[in-house]
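Novice: I'd like to ask you about the structure that follows.
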Amino acid sequence: MKILQSAFAGLVAGLILSLLASRSIWLEMRINTGLLLPLAAVCTILTGFPARRKRSCILGLEVLLVLLLLVTYGFDPRALLVVPAALFREGFFLQACDSRSINGILAGCLILGNSLLIPGPAAVRHWRRRRTAFGPRTDRPDPSP
Amino acid sequence: MKMLMPMIALLLLLPTRSAFSETPPLPTKDTPIVCDKAARTVSFLAQVNGKYFYQPTRHFAVSASGSNGDKAILRGLVSAIDFHNALLEIGAVAGENMSPENKEVTHVQGSAFTVRVSWEGADRPYGIDEVVIDSNKKPIQMKFGGNLANAKKMNTGCLLCLDSCPVGIVSNSQYTYGAIEKRGEVEMRGNKAVLPPDGTTVIVTLQLL
């Protein structure tokens, strides 16, 4: 579970980095900017990133990615369907796949990754137990007259 | 009888017309590059890379097997060596005037070509100036640089470059090397309003001028 969360965080971070790198034509013409995707995923798995506040960290990365895509390509749906898929295809050497298949894989990753952020029943039970143990907050004045 | 004579004349002319309108062989997956010596054309198969509709590049067509295979508007399905040999076959003469030392101050020389791109469903073949957007709006002048030794050594797969190149087999003599990625004199990208979507197979035809 933790490894999958780290891998997803790495993929999102890698996509942000490769989008930024591909904005430099000098860099784009010299290196495979898509390679930053698997490299970032490997790094986050090995380091266990994010170590704390996993949900907020991954959601923050996703918001950053969406903002970057919108700032760079605007609301052009064709660009949003083509550019991330092209970077993913290059990074994972999936040249035999068309962009529709790559977008399918990306959508799958996105659904799986976000489903990992939903707290499981064990986490909810733990949260409820903690709430009961500490009891209701008493540091605020009672609003009732 | 008056009606019969023109009809006989038309029937006699028909075989001659069909002989003239015979289309040259088209490249296929098994034969991705074809030469037509009579028409002095070379045609090869390529795939559209939609990424370069949205960001600039200095490559028009690069062989998919080369290290720069994903850096071009079109991913060529033919090797640089086969492309070079096909151009020699139609009588093109390589300029061979580019080197890594002079690349930034030299315009590529050699036989000039008109370049057209066509695909299934296209209403007509489109010229390179229609499928590539040059931010300076200067016409693209593709010339046969040659550079086979460098192409074999570097294995970049470059077929047609958008500025004069010491590695690309054919390149644009309008700009010297570095105009796009180093000096920022111009930006080149695929024309999304004309080219078909990412992944579509197209035929690139070079005609010797």
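FYI, nothing fancy with the structure tokens labels: chains A, B, ... in order, residues from 1 per chain, ligands from 1 as they appear.
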Near stretch 81-92 of chain B, within 10 Å and counting only C-alpha atoms, which residues show up once chain neighbours fewer than 5 positions away are dropped, as a JSON list (two decimals) with C-alpha atoms, in the first residue's frame?

Specialist:
```
[["chain", "number", "residue", "atom", "x", "y", "z"],
["B", 32, "PRO", "CA", 8.25, 1.90, -46.23],
["B", 33, "ILE", "CA", 10.24, 3.83, -48.83],
["B", 34, "VAL", "CA", 9.77, 3.96, -52.61],
["B", 35, "CYS", "CA", 11.56, 5.86, -55.39],
["B", 36, "ASP", "CA", 10.08, 7.00, -58.65],
["B", 37, "LYS", "CA", 13.00, 7.75, -60.95],
["B", 38, "ALA", "CA", 10.75, 9.07, -63.74],
["B", 39, "ALA", "CA", 8.99, 11.56, -61.46],
["B", 40, "ARG", "CA", 12.22, 12.10, -59.44],
["B", 41, "THR", "CA", 10.42, 11.49, -56.15],
["B", 42, "VAL", "CA", 11.13, 9.58, -52.95],
["B", 43, "SER", "CA", 8.19, 8.75, -50.66],
["B", 44, "PHE", "CA", 8.38, 7.24, -47.19],
["B", 63, "SER", "CA", 13.76, 7.63, -38.05],
["B", 76, "GLY", "CA", 9.94, 8.16, -39.89],
["B", 110, "GLY", "CA", 22.95, 20.21, -52.25],
["B", 111, "SER", "CA", 20.00, 19.32, -54.44],
["B", 112, "ALA", "CA", 16.79, 21.10, -53.44],
["B", 113, "PHE", "CA", 13.42, 19.40, -52.95],
["B", 143, "LYS", "CA", 18.44, 20.58, -49.38],
["B", 144, "PHE", "CA", 20.30, 17.29, -49.60],
["B", 145, "GLY", "CA", 23.21, 17.76, -47.20],
["B", 146, "GLY", "CA", 24.28, 14.10, -47.36],
["B", 147, "ASN", "CA", 26.18, 13.61, -44.08],
["B", 148, "LEU", "CA", 25.91, 9.81, -44.23],
["B", 149, "ALA", "CA", 29.16, 9.25, -42.29],
["B", 151, "ALA", "CA", 24.49, 9.92, -39.53],
["B", 152, "LYS", "CA", 25.98, 6.42, -39.14],
["B", 157, "GLY", "CA", 18.07, 8.86, -37.18],
["B", 159, "LEU", "CA", 16.03, 12.47, -41.93],
["B", 168, "GLY", "CA", 20.58, 15.20, -40.96],
["B", 169, "ILE", "CA", 20.38, 13.75, -44.48],
["B", 170, "VAL", "CA", 18.21, 16.65, -45.69],
["B", 206, "LEU", "CA", 10.35, 14.64, -51.68],
["B", 207, "GLN", "CA", 10.50, 15.78, -55.30],
["B", 208, "LEU", "CA", 13.82, 16.80, -56.79],
["B", 209, "LEU", "CA", 13.68, 20.33, -58.18]]
```

Novice: Based on DSSP run over this structure's backbone, return all residues of chain B in strand (DSSP E or B), as a PyMOL selection string.

Specialist: chain B and resi 33-36+41-48+59-63+72-76+94+110+112-118+126-127+132-134+142-144+158-161+170-172+188-190+201-208

Novice: Compare B:Met188, B:Val204, B:Val132, B:Leu26 by their minimum atom-to-atom distance to chain A, counting only C-alpha atoms, and give me the closest one.

Specialist: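 For chain A, the nearest of the given residues is B:Met188.
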
Novice: May I ask you to extract the residues of chain A within 7 Å of chain B, using only C-alpha atoms, and to give them as a PDB file with C-alpha atoms, in the first residue's frame?

Specialist:
```
ATOM      1  CA  ILE A  25      13.947  23.349 -26.225  1.00  0.00           C
ATOM      2  CA  TRP A  26      17.702  22.911 -25.654  1.00  0.00           C
ATOM      3  CA  MET A  29      16.242  18.142 -27.956  1.00  0.00           C
ATOM      4  CA  ALA A  79      -3.055  19.205 -25.875  1.00  0.00           C
ATOM      5  CA  VAL A  82      -1.517  14.383 -26.253  1.00  0.00           C
ATOM      6  CA  VAL A  83       1.377  15.895 -24.237  1.00  0.00           C
ATOM      7  CA  ALA A  86       3.636  11.486 -25.236  1.00  0.00           C
ATOM      8  CA  ASP A  98      -0.968   4.710 -29.613  1.00  0.00           C
TER       9      ASP A  98
END
```

Novice: For B:Asn150, list every protein, DNA or RNA residue within 10 Å, evaluated using only C-alpha atoms, and leave out those in the same chain fewer than 5 positions away; present the list as a list in words.

Specialist: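 Skipping anything fewer than 5 positions along the chain leaves Ser99, Pro100, Asn155, Thr156, Pro166, Val167, Gly168 and Ile169 of chain B.
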
Novice: Write out, as CSV, each residue of stretch 73-128 of chain A that has an atom at most 9 Å from stretch 2-13 of chain A, together with the closest pair of atoms and their distance in Å to one decimal, counting only C-alpha atoms, rows going by chain and rising number.

Specialist:
```
residue,atom,partner,partner_atom,distance
A:Cys109,CA,A:Phe8,CA,7.5
A:Leu110,CA,A:Phe8,CA,8.1
A:Leu112,CA,A:Phe8,CA,8.7
A:Gly113,CA,A:Phe8,CA,5.6
A:Asn114,CA,A:Phe8,CA,8.6
A:Leu116,CA,A:Gln5,CA,6.6
A:Leu117,CA,A:Gln5,CA,7.9
```

Novice: Name the residues in contact with B:Gln141 at a cut-off of 6 Å, using only C-alpha atoms, excluding same-chain residues fewer than 4 positions from it; report them as a ChimeraX atom specification.

Specialist: /B:172-174

Novice: Could you please take those selected residues and save C-alpha atoms as a short mmCIF file (atom, residue, chain, number, x, y, z; two decimals), in the first residue's frame?

Specialist:
```
data_model
loop_
_atom_site.label_atom_id
_atom_site.label_comp_id
_atom_site.auth_asym_id
_atom_site.auth_seq_id
_atom_site.Cartn_x
_atom_site.Cartn_y
_atom_site.Cartn_z
CA ASN B 172 16.54 23.49 -44.16
CA SER B 173 19.07 25.89 -45.67
CA GLN B 174 17.00 28.91 -44.55
#
```

Novice: Between atom CA of B:Asp129 and atom CA of B:Arg183, what is the spacing in Å?

Specialist: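 Distance reported for this atom pair: 21.8 Å.
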
Novice: With distances taken over only C-alpha atoms, which of B:Leu45, B:Ile133, B:Ala179, B:Val78 is nearest to B:Cys165?

Specialist: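 Closest to B:Cys165 of all the choices is B:Ala179.
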
Novice: Report, in Å to a single decimal, how far apart atom CA of A:Leu17 and atom CA of A:Val63 are.

Specialist: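 Atom-to-atom, atom CA of A:Val63 to atom CA of A:Leu17, that is 14.1 Å.
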
Novice: Between atom CA of B:Arg116 and atom CA of B:Asn97, measure the distance and give it in Å to one decimal.

Specialist: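 Taking atom CA of B:Arg116 as the start and atom CA of B:Asn97 as the end point, the length is 25.2 Å.
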
Novice: Taking the backbone alone, and naming residues the way the document does, which bits of stretch 75-131 of chain B are helix (DSSP H, G or I) by DSSP, as an MDAnalysis selection string?

Specialist: chainID B and resid 80:89 128:131
